[in-house]
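To keep things clear, I will list the structure first and then write my remarks on it.
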Amino acid sequence: MVNNNLAHKIFRREVLDLSAYHVADAAGLIKLDAMENPFHWPDDIKAEWLNALKDCEINRYPDPEAKELTEKIKKVNNIPDGLAVILGNGSDEIIQMLLMALPPDACVLSVQPTFVMYQQISRSLGLNYISVPLVADDFSIDLSAVLHAIDLHQPAIIFLAYPNNPTGNLFDANIMREIINTASGLVVVDEAYSPFAKASFINEIAQYDNLLVMRTVSKLGLAGLRLGYAVGKPNVIEQLHKIRLPYNINILTQVSALFALNHHTIFDEQTAILCAERSKLAKALTNIGGLMVYPSAANFILFRTQNQQAARIFNELKSKGVLIKNLSPQGGLLTDCLRVTVGKPSENQAFLEALKNSV
Ligand SMILES: *Cc1c(COP(=O)(O)O)cnc(C)c1O
């Protein structure tokens with residue numbers, strides 16, 4: 001059989017039109033591009049962790065509902081009784097489960113710029129993705145524009161990242177509440193950066209029928225495990241369990257995450273260091289001059305360079321051994337913008353030194 005490109009014959013148009021999510025190669029570089037926690041565990045904790053892994057039964061399927069881990073997550077995060085939790089292979093998988101459960105003609109709404117997976121996964125499923133631009137000066141939500149879009153498109157799901165990535169700001173909580181109150185669909189508040197933010201909608205879920213809060217352990221310091229979760233009313237979570245693959249949280253992740261949450265004070269200490277480093281880094285960036293530095297409630301800082309300098313500065317930093325993220329190619333409000341993840345003090349220093357000589 002002659003078949004020049006089988007893929008083009010069998011796959012959906014929207015899949016063929018997508019580009020795969022690109023991850024930069026960071027080999028040999030100081031890695032400040034992906035909002036990872038830069039710290040490792042102390043050696044004695046590592047030894048204890050390996051000991052916990054030693055006995056896990058990798059010949060058996062894991063607990064399909066990861067009950068012990070789920071209970072631990074509820075406890076550590078003070079999740080109110082009466083709410084349900086579902087775990088995902090990263091919160092990316094939760095986004096995918098939510099979107100896979102929608103009817104094919106459903107509309108998904110978010111703001112622009114925001115986390116790219118909302119759009120990427122919506123498009124891969126052929127859903128109608130609508131984005132409402134944030135206010136240019138400070139990346140706040142343009143409430144009247146969002147309310148207008150809700151009225152016009154009746155989105156089944158609205159995603160709001162709180163704090164927002166890649167801008168780093170926390171949206172006004174009252175504006176978020178107005179959106180939740182107005183929307184007839186589900187509002188997903190994505191709290192991937194909650195450890196750094198001291199603000200959350202977890203305690204408001206009970207008050208609404210259409211609020212879901214999503215979290216992840218990735219930014220906290222366990223990006224390698226791939227574990228995210230959503231908290232919501234049982235009637236919503238129950239449906240997601242039907243979409244979820246039976247063993248989506250592997251046993252190594254279940255055992256390791258449970259171990260890590262039993263030692264969560266380590267992360268609390270690391271988070272405190274990173275928040276202090278964030279303030280220092282923001283101040284130092286401002287002092288360099290010629291950059292617009294945006295306030296951040298997350299573990300990264302967005303800054304705007306002079307006209308058309310982002311790619312040059314990004315490449316110079318890279319040639320000096322520091323990898324950050326160039327957002328300028330995304331265009332729109334991100335034109336000329338770079339994003340740096342808060343790293344260890346020595347890494348932040350290396351970044352600042354390299355940047356001073358590049359701007
Ligand atoms: C990083 C990030 C995620 C993805 O988290 P994973 O759990 O690693 O899949 C989700 N939402 C936002 C806003 C993020 O920045």
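As shown in the structure tokens, the chain order sets the letters A, B, ...; within each chain, residues go from 1, and ligands are also counted from 1 in the order they appear.
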Q: Show me which residues sit within 9 Å of ligand 1 when counting only C-alpha atoms and all ligand atoms, and put them as a ChimeraX atom specification.
A: /A:34-36,88-95,114-118,160-166,190-193,214-219,222-229
Could the residues in this selection be written to a file with C-alpha atoms, as a compact mmCIF listing (two decimals), in the first residue's frame?
# COMPACT_ATOMS: atom_id res chain seq x y z
CA ALA A 34 10.93 26.49 34.36
CA MET A 35 9.88 27.57 37.88
CA GLU A 36 11.54 24.60 39.52
CA GLY A 88 -3.51 13.94 38.19
CA ASN A 89 -0.19 13.16 36.52
CA GLY A 90 0.70 16.82 36.96
CA SER A 91 -2.04 19.42 36.97
CA ASP A 92 -1.63 19.36 33.20
CA GLU A 93 -3.46 16.04 33.26
CA ILE A 94 -6.28 17.54 35.32
CA ILE A 95 -6.67 20.27 32.69
CA THR A 114 -1.64 33.03 30.65
CA PHE A 115 -0.54 29.40 31.00
CA VAL A 116 -0.31 28.00 27.47
CA MET A 117 -1.65 24.51 28.22
CA TYR A 118 -5.24 25.77 28.55
CA LEU A 160 -7.83 31.67 35.89
CA ALA A 161 -4.28 31.12 37.13
CA TYR A 162 -3.86 32.63 40.59
CA PRO A 163 -1.06 33.88 40.59
CA ASN A 164 -0.93 34.08 36.83
CA ASN A 165 1.86 32.57 34.74
CA PRO A 166 3.83 34.12 33.01
CA ASP A 190 -5.25 27.28 39.01
CA GLU A 191 -3.13 27.72 42.13
CA ALA A 192 0.10 26.20 40.82
CA TYR A 193 2.07 28.90 42.67
CA MET A 214 -6.27 23.15 41.04
CA ARG A 215 -2.87 22.69 42.66
CA THR A 216 0.41 20.94 41.92
CA VAL A 217 3.51 19.89 43.83
CA SER A 218 5.69 20.82 40.84
CA LYS A 219 6.55 24.39 41.78
CA LEU A 222 8.63 17.97 43.25
CA ALA A 223 8.39 18.71 39.54
CA GLY A 224 9.94 15.33 38.71
CA LEU A 225 7.14 13.39 40.39
CA ARG A 226 4.33 14.73 38.18
CA LEU A 227 1.56 15.20 40.71
CA GLY A 228 -1.26 17.69 40.60
CA TYR A 229 -4.73 17.73 42.12
**Q.** Those in region 161-309 of chain A with strand (DSSP E) from DSSP, as a list in words
**A.**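 Here are the strand (DSSP E) residues of region 161-309 of chain A: Ala161, Leu186, Val187, Val188, Val189, Asp190, Leu211, Leu212, Val213, Met214, Arg215, Thr216, Gly228, Tyr229, Ala230, Val231, Gly232, Met292, Val293, Phe300, Ile301, Leu302, Phe303 and Arg304 of chain A.
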Let's have the selection written as a tab-separated table (two decimals), in the first residue's frame, with N, CA and C atoms.
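Written out: result.tsv:
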chain	number	residue	atom	x	y	z
A	161	ALA	N	-5.45	31.52	36.34
A	161	ALA	CA	-4.28	31.12	37.13
A	161	ALA	C	-4.04	32.19	38.19
A	186	LEU	N	-18.10	26.17	34.76
A	186	LEU	CA	-17.15	25.94	35.84
A	186	LEU	C	-16.01	26.96	35.77
A	187	VAL	N	-15.62	27.50	36.93
A	187	VAL	CA	-14.43	28.36	36.98
A	187	VAL	C	-13.32	27.58	37.69
A	188	VAL	N	-12.21	27.38	36.98
A	188	VAL	CA	-11.08	26.64	37.54
A	188	VAL	C	-10.01	27.65	37.96
A	189	VAL	N	-9.78	27.74	39.26
A	189	VAL	CA	-8.73	28.62	39.75
A	189	VAL	C	-7.47	27.77	39.90
A	190	ASP	N	-6.47	28.08	39.09
A	190	ASP	CA	-5.25	27.28	39.01
A	190	ASP	C	-4.21	27.88	39.96
A	211	LEU	N	-17.03	26.30	41.37
A	211	LEU	CA	-15.62	26.63	41.58
A	211	LEU	C	-14.80	25.37	41.82
A	212	LEU	N	-13.69	25.27	41.10
A	212	LEU	CA	-12.75	24.17	41.27
A	212	LEU	C	-11.37	24.79	41.48
A	213	VAL	N	-10.61	24.30	42.44
A	213	VAL	CA	-9.25	24.81	42.65
A	213	VAL	C	-8.27	23.71	42.29
A	214	MET	N	-7.25	24.12	41.51
A	214	MET	CA	-6.27	23.15	41.04
A	214	MET	C	-4.91	23.50	41.64
A	215	ARG	N	-4.20	22.49	42.07
A	215	ARG	CA	-2.87	22.69	42.66
A	215	ARG	C	-1.89	21.67	42.07
A	216	THR	N	-0.62	21.88	42.37
A	216	THR	CA	0.41	20.94	41.92
A	216	THR	C	1.55	20.96	42.93
A	228	GLY	N	-0.41	16.53	40.41
A	228	GLY	CA	-1.26	17.69	40.60
A	228	GLY	C	-2.59	17.23	41.17
A	229	TYR	N	-3.41	18.15	41.62
A	229	TYR	CA	-4.73	17.73	42.12
A	229	TYR	C	-5.74	18.85	41.98
A	230	ALA	N	-7.00	18.45	41.98
A	230	ALA	CA	-8.08	19.43	41.93
A	230	ALA	C	-9.00	19.18	43.10
A	231	VAL	N	-9.50	20.27	43.66
A	231	VAL	CA	-10.40	20.21	44.81
A	231	VAL	C	-11.72	20.85	44.38
A	232	GLY	N	-12.82	20.15	44.62
A	232	GLY	CA	-14.11	20.72	44.24
A	232	GLY	C	-15.26	20.00	44.88
A	292	MET	N	11.49	47.14	32.88
A	292	MET	CA	10.22	47.27	33.60
A	292	MET	C	10.04	45.95	34.36
A	293	VAL	N	10.07	46.00	35.68
A	293	VAL	CA	9.99	44.78	36.49
A	293	VAL	C	8.59	44.66	37.08
A	300	PHE	N	8.86	33.35	40.23
A	300	PHE	CA	9.53	33.86	39.02
A	300	PHE	C	9.22	35.34	38.90
A	301	ILE	N	9.99	36.02	38.07
A	301	ILE	CA	9.76	37.45	37.86
A	301	ILE	C	9.73	37.73	36.36
A	302	LEU	N	8.72	38.45	35.93
A	302	LEU	CA	8.61	38.87	34.54
A	302	LEU	C	9.17	40.28	34.42
A	303	PHE	N	9.99	40.51	33.40
A	303	PHE	CA	10.47	41.89	33.18
A	303	PHE	C	10.51	42.20	31.70
A	304	ARG	N	10.31	43.50	31.42
A	304	ARG	CA	10.25	43.96	30.04
A	304	ARG	C	11.55	44.68	29.70
**Q.** Residue among A:Asp17, A:Phe314, A:Glu204, A:Ile251 lying closest to Pro62 (chain A), counting only C-alpha atoms
**A.**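 Of all the options, A:Ile251 lies closest to Pro62 (chain A).
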Q: Record the distance separating CA of Lys9 (chain A) and CA of Met100 (chain A), expressed in Å with one decimal.
A: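 Separation of CA of Lys9 (chain A) and CA of Met100 (chain A): 22.7 Å.
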Q | For CA of Gly331 (chain A) and CA of Pro113 (chain A), the interatomic separation in Å (one decimal) | A | 9.4 Å
**Q.** Counting only C-alpha atoms, the option among A:Leu274, A:Ala260, A:Met97, A:Ile86 closest to Ala197 (chain A)
**A.**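 Looking at the shortest contact to Ala197 (chain A), the residue is A:Leu274.
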Q) Skipping near chain neighbours, those fewer than 2 positions away, what residues fall within 10 Å of Ala284 (chain A) using only C-alpha atoms, listed as a ChimeraX atom specification? A) /A:278-282,286-289,293,348-349,352,356
Quick check for you: according to DSSP on this backbone, which residues of region 121-211 of chain A are classed as alpha helix (DSSP H)? Reply as a short mmCIF file (atom, residue, chain, number, x, y, z; two decimals) with C-alpha atoms, in the first residue's frame.
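Listing of selection.cif after writing:
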data_model
loop_
_atom_site.label_atom_id
_atom_site.label_comp_id
_atom_site.auth_asym_id
_atom_site.auth_seq_id
_atom_site.Cartn_x
_atom_site.Cartn_y
_atom_site.Cartn_z
CA ILE A 121 -5.11 21.16 25.15
CA SER A 122 -8.35 22.91 24.12
CA ARG A 123 -7.09 23.14 20.57
CA SER A 124 -5.89 19.53 20.50
CA LEU A 143 -13.60 42.66 34.07
CA SER A 144 -16.05 44.21 31.64
CA ALA A 145 -14.33 42.47 28.72
CA VAL A 146 -14.46 39.12 30.53
CA LEU A 147 -18.12 39.56 31.49
CA HIS A 148 -18.93 40.49 27.92
CA ALA A 149 -17.12 37.37 26.65
CA ILE A 150 -18.99 35.18 29.16
CA ASP A 151 -22.28 36.61 27.96
CA LEU A 152 -21.36 36.13 24.32
CA HIS A 153 -19.73 32.68 24.43
CA ALA A 173 -9.97 38.43 44.43
CA ASN A 174 -13.21 40.43 44.17
CA ILE A 175 -12.95 40.50 40.39
CA MET A 176 -12.45 36.72 40.45
CA ARG A 177 -15.56 36.37 42.66
CA GLU A 178 -17.59 38.45 40.25
CA ILE A 179 -16.53 36.15 37.42
CA ILE A 180 -17.41 33.03 39.46
CA ASN A 181 -20.80 34.54 40.32
CA THR A 182 -21.58 35.49 36.73
CA SER A 194 0.13 28.82 45.93
CA PRO A 195 3.20 28.07 48.09
CA PHE A 196 4.58 31.50 47.18
CA ALA A 197 1.35 33.47 47.22
#
**Q.** Length of the CA of Ala106 (chain A) to CA of Glu14 (chain A) vector [Å]
**A.** 15.2 Å
Q | Among the residues A:Lys344, A:Leu355, A:Pro133, A:Leu245, the one that comes closest to Ala276 (chain A) [using only C-alpha atoms] | A | A:Lys344
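Distance annotation: of A:Leu258, A:Ala27, A:Ala298, A:Ile249, the residue with the minimal separation from Glu277 (chain A) is A:Ala298; atom set is only C-alpha atoms.
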Q. Can you tell me, as a PyMOL selection string, what residues are no more than 8 Å from Lys74 (chain A) when counting only C-alpha atoms, ignoring any on the same chain fewer than 5 positions away?
A. chain A and resi 79-80+85
Please, could you write that set of residues out with N, CA and C atoms as a tab-separated table (two decimals), in the first residue's frame?
chain	number	residue	atom	x	y	z
A	79	ILE	N	-7.87	21.02	53.59
A	79	ILE	CA	-9.01	21.03	52.67
A	79	ILE	C	-10.27	20.70	53.45
A	80	PRO	N	-11.27	21.59	53.39
A	80	PRO	CA	-12.47	21.42	54.21
A	80	PRO	C	-13.19	20.10	53.93
A	85	VAL	N	-11.34	15.42	46.16
A	85	VAL	CA	-10.04	15.69	45.55
A	85	VAL	C	-9.77	14.62	44.49
